[in-house]
>>> print(open('query_18.cif').read())   # mmCIF, C-alpha atoms (C1' of nucleotides)
data_work
loop_
_atom_site.label_atom_id
_atom_site.label_comp_id
_atom_site.auth_asym_id
_atom_site.auth_seq_id
_atom_site.Cartn_x
_atom_site.Cartn_y
_atom_site.Cartn_z
CA MET P 9 56.10 44.47 -32.69
CA GLU P 10 52.67 46.06 -32.63
CA LEU P 11 50.48 45.58 -29.64
CA HIS P 12 47.70 43.84 -31.54
CA GLU P 13 50.30 41.43 -32.88
CA ARG P 14 51.37 40.58 -29.38
CA ILE P 15 47.80 40.00 -28.34
CA ASP P 16 47.08 37.81 -31.34
CA ARG P 17 50.13 35.70 -30.67
CA ARG P 18 49.09 35.20 -27.08
CA ARG P 19 45.64 34.12 -28.16
CA SER P 20 46.84 31.68 -30.78
CA ALA P 21 49.30 30.22 -28.29
CA ARG P 22 46.48 29.59 -25.83
CA ASP P 23 44.54 27.85 -28.53
CA GLY P 24 47.47 25.57 -29.24
CA ARG P 25 48.18 25.10 -25.54
CA GLY P 26 51.86 25.74 -26.26
CA ILE P 27 54.05 27.42 -23.70
CA VAL P 28 56.12 29.20 -26.34
CA VAL P 29 54.27 32.09 -27.86
CA ASP P 30 57.06 33.43 -30.00
CA TYR P 31 60.09 31.31 -30.84
CA GLU P 32 61.69 34.19 -32.67
CA TYR P 33 61.72 36.35 -29.61
CA LEU P 34 63.11 33.47 -27.58
CA SER P 35 65.99 32.86 -29.96
CA PRO P 36 69.45 33.80 -28.72
CA VAL P 37 70.43 34.88 -32.23
CA VAL P 38 67.65 37.45 -32.55
CA HIS P 39 68.30 40.88 -31.14
CA ARG P 40 65.85 43.18 -29.46
CA THR P 41 65.24 46.50 -31.21
CA GLU P 42 65.74 48.22 -27.88
CA PRO P 43 68.69 46.84 -25.88
CA ILE P 44 67.97 46.45 -22.18
CA GLY P 45 70.03 48.41 -19.67
CA ARG P 46 72.64 49.64 -22.13
CA GLY P 47 71.88 53.35 -22.08
CA PRO P 48 75.41 54.55 -21.19
CA VAL P 49 77.03 52.49 -23.96
CA LEU P 50 74.53 53.77 -26.50
CA GLU P 51 75.31 57.32 -25.43
CA GLN P 52 79.05 56.74 -25.89
CA LEU P 53 78.44 55.41 -29.39
CA LEU P 54 76.18 58.30 -30.25
CA ASP P 55 78.98 60.62 -29.15
CA ALA P 56 81.31 58.87 -31.55
CA PHE P 57 78.78 59.11 -34.37
CA GLU P 58 77.95 62.74 -33.66
CA PRO P 59 79.60 64.08 -36.86
CA ALA P 60 77.13 62.04 -38.90
CA PHE P 61 74.35 64.35 -37.78
CA ASP P 62 76.13 67.21 -39.57
CA GLY P 63 76.78 65.14 -42.66
CA ASP P 64 80.41 64.52 -41.76
CA LEU P 65 82.17 61.22 -41.52
CA PRO P 66 82.84 59.98 -37.96
CA ALA P 67 86.24 58.54 -37.09
CA PRO P 68 86.55 54.78 -36.70
CA VAL P 69 85.54 53.36 -33.35
CA ALA P 70 85.92 49.98 -31.71
CA VAL P 71 83.26 48.26 -29.63
CA THR P 72 84.60 45.54 -27.37
CA GLY P 73 83.05 43.19 -24.89
CA PRO P 74 83.33 39.65 -23.57
CA PRO P 75 81.20 36.84 -25.04
CA GLY P 76 77.51 37.25 -24.35
CA SER P 77 77.81 40.89 -23.36
CA GLY P 78 75.57 42.03 -26.17
CA THR P 79 77.96 43.99 -28.37
CA SER P 80 76.24 42.69 -31.49
CA ALA P 81 72.80 43.46 -30.12
CA ILE P 82 73.82 47.03 -29.32
CA VAL P 83 75.37 47.74 -32.72
CA VAL P 84 72.57 46.10 -34.68
CA ALA P 85 69.91 48.03 -32.78
CA LEU P 86 71.73 51.34 -33.01
CA PHE P 87 72.51 50.97 -36.72
CA ASP P 88 68.89 50.17 -37.47
CA ALA P 89 67.75 53.21 -35.57
CA MET P 90 70.35 55.47 -37.19
CA ASN P 91 69.33 54.36 -40.67
CA ASP P 92 65.77 54.99 -39.70
CA ARG P 93 66.60 58.55 -38.70
CA LEU P 94 69.40 59.54 -41.06
CA GLY P 95 68.90 57.23 -44.02
CA GLU P 96 66.95 57.95 -47.13
CA THR P 97 63.76 56.47 -45.75
CA GLY P 98 63.95 58.79 -42.76
CA ARG P 99 63.88 61.85 -44.99
CA SER P 100 61.13 63.27 -47.02
CA ILE P 101 61.13 61.63 -50.41
CA GLY P 102 59.30 62.19 -53.65
CA THR P 103 59.17 65.77 -54.80
CA THR P 104 62.11 66.78 -52.62
CA THR P 105 64.54 64.36 -54.24
CA ARG P 106 66.62 67.16 -55.65
CA ALA P 107 66.91 68.93 -52.32
CA ALA P 108 67.72 65.73 -50.50
CA ARG P 109 70.52 64.95 -52.89
CA ALA P 110 72.21 68.21 -52.02
CA GLU P 111 73.19 66.94 -48.61
CA PRO P 112 75.13 63.76 -48.09
CA ILE P 113 73.34 60.69 -46.95
CA THR P 114 74.99 58.54 -44.34
CA TRP P 115 74.30 54.85 -44.25
CA PHE P 116 75.02 52.57 -41.33
CA VAL P 117 76.02 49.20 -42.71
CA TYR P 118 76.26 46.17 -40.46
CA VAL P 119 78.44 43.32 -41.74
CA ASP P 120 78.60 40.04 -39.87
CA ALA P 121 82.11 38.74 -40.56
CA ARG P 122 80.94 35.25 -39.66
CA ARG P 123 78.87 35.24 -42.81
CA VAL P 124 81.35 37.11 -44.93
CA ARG P 125 84.41 35.01 -45.55
CA SER P 126 85.56 36.23 -48.95
CA GLU P 127 86.31 39.55 -50.59
CA PHE P 128 83.46 38.94 -52.95
CA ALA P 129 81.01 38.35 -50.11
CA PHE P 130 82.21 41.45 -48.29
CA TYR P 131 81.72 43.80 -51.21
CA ARG P 132 78.40 42.17 -51.85
CA ALA P 133 77.25 42.69 -48.25
CA VAL P 134 78.17 46.37 -48.24
CA LEU P 135 76.75 47.00 -51.67
CA SER P 136 73.47 45.28 -50.81
CA ALA P 137 73.00 47.58 -47.85
CA LEU P 138 73.53 50.65 -50.03
CA SER P 139 71.35 49.58 -52.93
CA THR P 140 67.75 48.72 -53.42
CA GLU P 141 68.33 46.56 -56.48
CA ALA P 142 69.47 42.96 -56.18
CA ILE P 143 73.20 42.31 -56.17
CA PRO P 144 74.49 39.21 -58.00
CA GLU P 145 75.46 36.33 -55.76
CA SER P 146 77.78 34.87 -58.34
CA GLY P 147 78.65 34.94 -62.00
CA VAL P 148 80.39 38.28 -61.75
CA GLY P 149 83.90 39.20 -60.77
CA THR P 150 84.96 40.65 -57.44
CA ALA P 151 86.41 43.69 -59.20
CA ALA P 152 83.06 44.36 -60.82
CA LEU P 153 81.36 44.50 -57.44
CA ARG P 154 84.07 46.78 -56.09
CA ASP P 155 83.58 49.13 -59.01
CA ARG P 156 79.85 49.18 -58.47
CA LEU P 157 80.35 50.06 -54.83
CA GLN P 158 82.76 52.81 -55.73
CA ASP P 159 80.31 54.19 -58.25
CA ARG P 160 77.44 53.97 -55.82
CA LEU P 161 79.22 56.03 -53.18
CA ALA P 162 80.69 58.61 -55.53
CA ARG P 163 77.69 59.29 -57.67
CA HIS P 164 75.19 60.00 -54.93
CA ASP P 165 77.48 61.64 -52.40
CA ARG P 166 76.86 58.91 -49.92
CA ARG P 167 78.76 58.15 -46.76
CA ALA P 168 78.80 54.80 -45.16
CA ILE P 169 79.79 53.65 -41.71
CA VAL P 170 80.54 49.97 -41.91
CA ALA P 171 80.51 47.81 -38.78
CA ILE P 172 82.55 44.64 -39.01
CA ASP P 173 81.18 42.39 -36.30
CA HIS P 174 83.12 39.39 -34.97
CA HIS P 175 86.22 40.58 -36.77
CA ASP P 176 88.49 38.79 -34.33
CA GLU P 177 87.01 35.32 -34.44
CA PRO P 178 88.81 32.46 -36.18
CA GLU P 179 88.07 32.21 -39.91
CA THR P 180 86.25 35.51 -40.09
CA LEU P 181 87.20 38.56 -42.09
CA SER P 182 89.71 40.56 -40.06
CA TYR P 183 89.30 44.27 -39.45
CA ARG P 184 92.60 44.95 -41.18
CA ARG P 185 91.47 43.05 -44.27
CA ALA P 186 88.17 44.90 -44.31
CA ARG P 187 90.01 48.21 -44.25
CA GLU P 188 92.28 47.06 -47.06
CA LEU P 189 89.21 46.30 -49.12
CA LEU P 190 87.38 49.52 -48.31
CA ASP P 191 90.19 52.07 -48.41
CA PRO P 192 90.78 52.01 -52.18
CA VAL P 193 87.06 52.25 -52.84
CA SER P 194 86.18 55.58 -51.32
CA GLU P 195 87.11 58.31 -48.87
CA SER P 196 83.53 58.36 -47.71
CA LEU P 197 83.77 55.21 -45.64
CA SER P 198 84.31 54.83 -41.93
CA THR P 199 84.40 51.65 -39.92
CA VAL P 200 83.35 50.24 -36.58
CA ALA P 201 85.24 47.23 -35.25
CA VAL P 202 83.00 45.02 -33.12
CA GLY P 203 84.56 42.10 -31.26
CA ARG P 204 86.04 40.83 -28.05
CA ASP P 205 89.12 42.98 -28.48
CA THR P 206 90.20 45.98 -30.46
CA PRO P 207 92.05 45.37 -33.71
CA ASP P 208 95.86 45.29 -33.45
CA GLU P 209 97.58 48.61 -32.82
CA TRP P 210 94.31 50.37 -32.26
CA GLY P 211 94.74 54.11 -31.90
CA GLU P 212 91.13 55.19 -32.07
CA THR P 213 88.24 55.48 -29.65
CA THR P 214 87.13 52.33 -27.90
CA VAL P 215 83.72 51.77 -26.34
CA ALA P 216 84.04 48.93 -23.86
CA VAL P 217 80.94 46.91 -22.99
CA SER P 218 81.12 44.97 -19.75
CA ALA P 219 79.44 41.68 -19.00
CA TYR P 220 75.90 41.88 -17.64
CA ARG P 221 75.61 42.06 -13.90
CA GLY P 222 73.29 39.65 -12.16
CA HIS P 223 70.21 41.84 -11.98
CA GLU P 224 70.75 43.15 -15.52
CA LEU P 225 70.78 39.65 -16.93
CA VAL P 226 67.65 38.87 -14.93
CA ASP P 227 66.04 41.88 -16.63
CA VAL P 228 67.11 40.64 -20.05
CA LEU P 229 65.69 37.19 -19.35
CA THR P 230 62.49 38.54 -17.86
CA ASP P 231 61.91 40.63 -20.96
CA ARG P 232 62.23 37.60 -23.22
CA VAL P 233 60.13 35.45 -20.92
CA SER P 234 57.29 37.93 -20.76
CA THR P 235 57.09 38.26 -24.51
CA ALA P 236 57.99 34.83 -25.76
CA LEU P 237 56.38 32.51 -23.21
CA SER P 238 52.85 32.10 -21.92
CA PRO P 239 52.26 33.68 -18.53
CA GLY P 240 53.28 31.49 -15.61
CA THR P 241 55.49 29.24 -17.69
CA ILE P 242 58.58 29.88 -15.62
CA ASP P 243 58.90 31.21 -12.08
CA HIS P 244 61.11 34.03 -11.01
CA GLU P 245 63.31 31.77 -8.94
CA SER P 246 64.23 29.76 -12.03
CA VAL P 247 65.07 32.92 -13.93
CA ARG P 248 67.37 33.97 -11.14
CA ARG P 249 68.98 30.55 -11.04
CA LEU P 250 69.53 30.75 -14.79
CA SER P 251 71.07 34.18 -14.52
CA GLU P 252 73.39 33.10 -11.74
CA TRP P 253 74.50 30.04 -13.67
CA ALA P 254 75.17 32.04 -16.84
CA ASP P 255 77.40 34.43 -14.92
CA GLY P 256 76.70 37.49 -17.04
CA ASN P 257 76.76 35.72 -20.41
CA ALA P 258 73.48 36.51 -22.14
CA HIS P 259 74.09 34.02 -24.93
CA ASP P 260 74.46 31.12 -22.52
CA ALA P 261 71.44 32.24 -20.51
CA LEU P 262 69.20 32.68 -23.56
CA ALA P 263 70.39 29.42 -25.10
CA ALA P 264 69.52 27.58 -21.91
CA LEU P 265 66.16 29.33 -21.64
CA TYR P 266 65.37 28.34 -25.21
CA GLY P 267 66.50 24.80 -24.51
CA ALA P 268 64.38 24.56 -21.38
CA ALA P 269 61.28 25.79 -23.19
CA ASP P 270 61.99 23.29 -25.95
CA ARG P 271 62.34 20.40 -23.49
CA ALA P 272 59.17 21.39 -21.67
CA THR P 273 57.27 21.60 -24.94
CA GLU P 274 58.69 18.27 -26.04
CA SER P 275 57.41 16.57 -22.90
CA ASP P 276 54.01 18.29 -23.11
CA ALA P 277 54.54 20.07 -19.83
CA ASP P 278 52.51 23.20 -19.18
CA ARG P 279 55.43 24.93 -17.51
CA ILE P 280 59.22 24.82 -17.39
CA GLN P 281 60.20 22.50 -14.57
CA PRO P 282 63.58 22.34 -12.83
CA ARG P 283 64.51 19.17 -14.72
CA HIS P 284 63.92 20.92 -18.05
CA LEU P 285 66.11 23.75 -16.88
CA GLU P 286 68.90 21.46 -15.69
CA ARG P 287 68.81 19.48 -18.90
CA ALA P 288 69.03 22.68 -20.94
CA MET P 289 71.88 24.11 -18.89
CA GLY P 290 73.74 20.85 -19.34
CA ASP P 291 73.32 21.26 -23.08
CA VAL P 292 75.27 24.51 -23.05
CA PRO P 293 78.96 23.61 -22.73
CA GLU P 294 81.29 25.55 -20.50
CA ASN P 295 82.94 28.28 -22.58
CA SER P 296 80.36 27.49 -25.20
CA VAL P 297 80.81 28.67 -28.73
CA HIS P 298 77.98 30.99 -29.74
CA VAL P 299 75.26 28.97 -31.42
CA ASP P 300 75.31 31.47 -34.26
CA ARG P 301 78.83 30.32 -35.09
CA ALA P 302 77.26 27.00 -36.00
CA LEU P 303 74.24 28.59 -37.63
CA SER P 304 76.38 30.81 -39.87
CA LEU P 305 78.00 27.81 -41.53
CA SER P 306 77.04 26.76 -45.02
CA ARG P 307 73.98 24.57 -45.33
CA THR P 308 75.89 21.38 -46.03
CA ARG P 309 78.12 21.92 -43.02
CA GLN P 310 75.08 22.54 -40.86
CA GLN P 311 73.60 19.29 -42.08
CA VAL P 312 76.78 17.45 -41.18
CA LEU P 313 76.67 19.05 -37.73
CA SER P 314 73.01 18.24 -37.34
CA THR P 315 73.59 14.59 -38.17
CA LEU P 316 76.56 14.59 -35.87
CA VAL P 317 74.34 15.77 -33.02
CA SER P 318 71.72 13.13 -33.75
CA ILE P 319 74.12 10.19 -33.68
CA GLU P 320 76.13 9.36 -30.58
CA PRO P 321 79.61 10.72 -31.32
CA ALA P 322 81.21 10.07 -27.93
CA ASP P 323 84.26 7.80 -27.81
CA ARG P 324 84.25 7.02 -31.50
CA PRO P 325 87.07 7.78 -33.92
CA ILE P 326 86.47 10.53 -36.43
CA ARG P 327 86.76 8.13 -39.31
CA ASP P 328 83.84 6.06 -38.00
CA ILE P 329 81.70 9.10 -37.41
CA ALA P 330 82.46 10.50 -40.84
CA ASP P 331 81.50 7.20 -42.45
CA GLU P 332 78.17 7.08 -40.67
CA ILE P 333 77.32 10.70 -41.43
CA ALA P 334 78.20 10.13 -45.08
CA THR P 335 75.69 7.29 -45.35
CA GLN P 336 72.98 9.72 -44.25
CA SER P 337 73.96 12.45 -46.66
CA SER P 338 74.84 13.01 -50.27
CA LEU P 339 78.42 13.84 -49.34
CA THR P 340 81.27 11.37 -49.56
CA ALA P 341 82.99 10.09 -46.43
CA GLY P 342 86.15 11.91 -47.45
CA THR P 343 84.35 15.22 -47.61
CA VAL P 344 82.62 14.70 -44.28
CA LYS P 345 85.95 13.85 -42.72
CA ARG P 346 87.39 17.03 -44.21
CA PHE P 347 84.48 19.04 -42.81
CA LEU P 348 84.87 17.57 -39.34
CA TYR P 349 88.54 18.48 -39.16
CA GLU P 350 87.70 21.92 -40.43
CA LEU P 351 84.92 22.39 -37.85
CA ALA P 352 87.31 21.27 -35.14
CA ASP P 353 89.81 23.81 -36.41
CA ARG P 354 87.19 26.53 -36.04
CA GLY P 355 86.37 25.41 -32.52
CA VAL P 356 82.75 24.50 -33.22
CA ILE P 357 83.59 20.93 -32.26
CA GLU P 358 86.60 19.68 -30.36
CA ARG P 359 88.87 16.73 -30.94
CA VAL P 360 89.68 14.65 -27.89
CA PRO P 361 92.36 11.94 -27.97
CA LEU P 362 91.08 8.39 -27.97
CA PRO P 363 92.82 5.48 -26.28
CA ILE P 364 94.89 3.54 -28.75
CA ASN P 365 93.77 0.30 -30.30
CA GLY P 366 96.26 -1.25 -32.68
CA THR P 367 99.00 0.31 -34.69
CA GLY P 368 99.17 3.66 -36.41
CA ARG P 369 98.51 7.21 -35.40
CA ARG P 370 96.13 7.83 -32.51
CA PRO P 371 92.60 8.73 -33.59
CA SER P 372 90.43 11.38 -31.92
CA ALA P 373 86.83 11.45 -30.85
CA ILE P 374 84.57 14.50 -31.11
CA GLU P 375 82.98 16.74 -28.50
CA LEU P 376 80.34 19.32 -29.31
CA ARG P 377 81.09 22.86 -28.25
CA PHE P 378 77.77 24.60 -28.93
CA PRO P 379 74.21 24.40 -27.51
CA THR P 380 72.75 21.53 -29.51
CA ILE P 381 69.07 21.91 -28.62
CA VAL P 382 68.96 25.46 -29.96
CA PHE P 383 71.02 24.50 -32.97
CA GLN P 384 68.81 21.56 -33.89
CA SER P 385 65.73 23.70 -33.46
CA LEU P 386 67.01 26.57 -35.59
CA THR P 387 68.82 24.65 -38.33
CA PRO P 388 66.79 23.81 -41.41
CA ALA P 389 65.84 20.18 -41.93
CA SER P 390 68.12 18.32 -44.32
CA ASP P 391 65.40 17.62 -46.88
CA GLU P 392 64.36 21.23 -46.94
CA GLU P 393 64.85 22.56 -50.43
CA SER P 394 63.68 26.06 -49.74
CA ASP P 395 66.28 28.72 -50.17
CA PHE P 396 65.24 30.96 -47.32
CA ASP P 397 67.86 33.40 -46.26
CA LEU P 398 69.85 32.42 -43.21
CA ASP P 399 71.14 35.94 -42.88
CA GLY P 400 67.68 37.30 -42.25
"C1'" DG U 25 64.91 39.58 -79.09
"C1'" DA U 26 66.37 34.86 -78.21
"C1'" DT U 27 70.07 31.89 -77.51
"C1'" DC U 28 74.62 30.76 -76.50
"C1'" DC U 29 78.69 30.61 -74.02
"C1'" DA U 30 82.79 32.15 -71.45
"C1'" DC U 31 83.75 33.65 -66.96
"C1'" DG U 32 84.10 33.85 -62.04
"C1'" DG U 33 83.27 32.42 -57.34
"C1'" DG U 34 82.65 28.97 -54.27
"C1'" DA U 35 81.78 24.38 -52.72
"C1'" DA U 36 82.89 19.54 -53.08
"C1'" DT U 37 86.19 16.28 -53.78
"C1'" DA U 38 90.57 14.05 -54.58
"C1'" DC U 39 95.02 13.43 -53.36
"C1'" DA U 40 99.43 13.45 -51.56
"C1'" DC U 41 102.49 13.92 -47.95
"C1'" DG U 42 104.08 14.71 -43.29
"C1'" DG U 43 103.92 13.03 -38.76
"C1'" DA U 44 102.72 10.21 -34.80
"C1'" DT U 45 102.75 5.76 -32.93
"C1'" DG U 46 103.39 0.73 -31.84
"C1'" DC S 5 109.18 -0.05 -40.48
"C1'" DA S 6 104.19 -0.41 -41.19
"C1'" DT S 7 100.22 1.95 -40.47
"C1'" DC S 8 96.91 5.26 -40.19
"C1'" DC S 9 95.68 10.00 -38.80
"C1'" DG S 10 95.72 14.97 -39.87
"C1'" DT S 11 96.34 18.73 -43.08
"C1'" DG S 12 97.39 21.56 -47.08
"C1'" DT S 13 96.20 22.15 -51.57
"C1'" DA S 14 95.13 21.01 -56.44
"C1'" DT S 15 91.34 19.77 -59.19
"C1'" DT S 16 86.75 19.24 -60.49
"C1'" DC S 17 82.12 20.51 -60.49
"C1'" DC S 18 78.26 23.63 -60.36
"C1'" DC S 19 75.73 27.42 -61.59
"C1'" DG S 20 74.37 32.46 -61.96
"C1'" DT S 21 75.53 36.25 -64.77
"C1'" DG S 22 75.98 39.20 -68.53
"C1'" DG S 23 78.04 40.15 -72.88
"C1'" DA S 24 78.50 38.09 -77.59
"C1'" DT S 25 76.33 36.19 -81.35
"C1'" DC S 26 72.88 35.05 -84.39
#
>>> encode(input="query_18.cif", output="structure tokens")
Amino acid sequence: MELHERIDRRRSARDGRGIVVDYEYLSPVVHRTEPIGRGPVLEQLLDAFEPAFDGDLPAPVAVTGPPGSGTSAIVVALFDAMNDRLGETGRSIGTTTRAARAEPITWFVYVDARRVRSEFAFYRAVLSALSTEAIPESGVGTAALRDRLQDRLARHDRRAIVAIDHHDEPETLSYRRARELLDPVSESLSTVAVGRDTPDEWGETTVAVSAYRGHELVDVLTDRVSTALSPGTIDHESVRRLSEWADGNAHDALAALYGAADRATESDADRIQPRHLERAMGDVPENSVHVDRALSLSRTRQQVLSTLVSIEPADRPIRDIADEIATQSSLTAGTVKRFLYELADRGVIERVPLPINGTGRRPSAIELRFPTIVFQSLTPASDEESDFDLDG
DNA sequence: GATCCACGGGAATACACGGATG
DNA sequence: CATCCGTGTATTCCCGTGGATC
């Protein structure tokens, strides 16, 4: 962000008397362009990518780290920077096209497996990153996309390093599957596996990211606070308390910070008070699922979740809840029920046994497993017809 | 060049059956 | 055994795309 932009945002925030200057920068699903305190890890990754500087293809590498340790943030930031330096835009263009084509161009492609659940979507994601023209979202076969990708890489002597993030989460594209899809396409493709663990039988380099230590997480929070909130909105003691509570998990800490700012704004407070903070921390479940897991769901599923949050789901059988949600949506009760079981299967919500009343199989109630304040704030309203891109 | 239409992917929905429980 | 929950899957629907047809 440019300095004048920052200043303008501050000024407009003062005009509006809001404590949040920049919701985007406060969001736990938005990554900083410059990761805080991760120099050594970045160096290790640069070592692994070293061959790319000579136009060669680096070997596959795995990046692992516990939840909230910032593996995604690191890879996203580094890939952006590498494309900036080594990609087409980083080279001289125009009259030197012919010269530039003589040497291979290496692209760093980041694929979020949470948002890529089919072969079609995977090829589309990779191809989009390598092309400037629009890639069809439907109406064309998977094989056609694969052929286009193959052609794209072969014809222009391109290399691509594809990161598959969250490859080891439930319902996401596995690393093995991604390799199976990429291998027949081209020799000029390498991969980076980003997740909690390495893929099975991993024989390649691994860069392990550890959880943030206390003071590091304080630094991360302080950075967000200083940019996203008006000065004096939250005191240092609260930031430290937040960091301690989150125990090294940046997602939990940022989700709670966002929630606290939201609560304070909601109650027209001019600063984040302890009760806002406590309320927000209570909104982040223990072993919380990353809010982006919920935000990467299809729009209809997000709407079901959003309605679910707004009604009181505790101690009610799934059937009841599904019926009520269905009345507030265009979906049938059967479909909502199907969705709820599916979301429970993915771990976004949890089924808890309900005491029996009457005959038949025991029903379950539902517990939410993600930070709801952030989710409600970041999920599009149900009547919103705009087709803005959730991937952006 | 305009229009039509078959195709493919993906989401929604229907449905059936297995299993738990009183 | 009656009942209802939970789950796997078949079917239907929707719609963008791009080649065929006029």
>>> resolve_selection(input="query_18.cif", expression="the PyMOL selection byres ((chain P) within 10 of (chain U))", output="MDAnalysis selection string")
chainID P and resid 126 128:129 145:150 306 308 339:340 342:343 346 364:370
>>> interface_residues(input="query_18.cif", of="chain S", to="chain P", cutoff="10 Å", atoms="all atoms listed in the file", output="PyMOL selection string")
chain S and resi 6-11+19-22
>>> residues_around(input="query_18.cif", residues="Ile172 of chain P", least_positions_apart="3", cutoff="9 Å", atoms="only C-alpha atoms (C1' of nucleotides)", output="list in words")
Val117, Tyr118, Val119, Asp120, Ala121, His175, Leu181, Ser182, Tyr183, Ala186, Thr199, Val200, Ala201, Val202 and Gly203 of chain P
>>> residues_around(input="query_18.cif", residues="Asp64 of chain P", least_positions_apart="5", cutoff="12 Å", atoms="only C-alpha atoms (C1' of nucleotides)", output="list in words")
Ala56, Phe57, Glu58, Pro59, Glu111, Pro112, Ile113, Thr114, Trp115, Asp165, Arg166, Arg167, Ala168, Ile169, Glu195, Ser196, Leu197 and Ser198 of chain P
>>> atom_distance(input="query_18.cif", atom1="atom CA of Ser318 of chain P", atom2="atom CA of Arg354 of chain P")
20.6 Å
>>> residues_near_point(input="query_18.cif", point="(66.3, 39.3, -16.2)", cutoff="10 Å", atoms="all atoms listed in the file", output="PyMOL selection string")
chain P and resi 44+221-233+244+247-248+250-251+258+261
>>> write_last_selection(input="query_18.cif", atoms="C-alpha atoms", output="short mmCIF file (atom, residue, chain, number, x, y, z; two decimals), keeping the file's coordinate frame")
data_model
loop_
_atom_site.label_atom_id
_atom_site.label_comp_id
_atom_site.auth_asym_id
_atom_site.auth_seq_id
_atom_site.Cartn_x
_atom_site.Cartn_y
_atom_site.Cartn_z
CA ILE P 44 67.97 46.45 -22.18
CA ARG P 221 75.61 42.06 -13.90
CA GLY P 222 73.29 39.65 -12.16
CA HIS P 223 70.21 41.84 -11.98
CA GLU P 224 70.75 43.15 -15.52
CA LEU P 225 70.78 39.65 -16.93
CA VAL P 226 67.65 38.87 -14.93
CA ASP P 227 66.04 41.88 -16.63
CA VAL P 228 67.11 40.64 -20.05
CA LEU P 229 65.69 37.19 -19.35
CA THR P 230 62.49 38.54 -17.86
CA ASP P 231 61.91 40.63 -20.96
CA ARG P 232 62.23 37.60 -23.22
CA VAL P 233 60.13 35.45 -20.92
CA HIS P 244 61.11 34.03 -11.01
CA VAL P 247 65.07 32.92 -13.93
CA ARG P 248 67.37 33.97 -11.14
CA LEU P 250 69.53 30.75 -14.79
CA SER P 251 71.07 34.18 -14.52
CA ALA P 258 73.48 36.51 -22.14
CA ALA P 261 71.44 32.24 -20.51
#
>>> atom_distance(input="query_18.cif", atom1="atom CA of Glu274 of chain P", atom2="atom CA of Ile27 of chain P")
10.5 Å
>>> atom_distance(input="query_18.cif", atom1="atom CA of Arg301 of chain P", atom2="atom CA of Ser314 of chain P")
13.6 Å
>>> closest_residue(input="query_18.cif", among="P:Ser234, P:Ser80, P:Thr41, P:Ser337", to="Val217 of chain P", atoms="all atoms listed in the file")
P:Ser80
>>> closest_residue(input="query_18.cif", among="P:Thr315, P:Val297, P:Gln384, P:Phe87", to="Ile357 of chain P", atoms="only C-alpha atoms")
P:Val297
>>> resolve_selection(input="query_18.cif", expression="the PyMOL selection byres ((chain P and resi 32) around 12)", output="ChimeraX atom specification")
/P:9,17,28-31,33-40,232-233,235-237,262,266,382,385-386,400
>>> residues_around(input="query_18.cif", residues="Ile329 of chain P", least_positions_apart="4", cutoff="9 Å", atoms="all atoms listed in the file", output="list in words")
Leu316, Ile319, Glu320, Pro321, Arg324, Pro325, Ile333, Ala334, Val344, Lys345, Ala373 and Ile374 of chain P
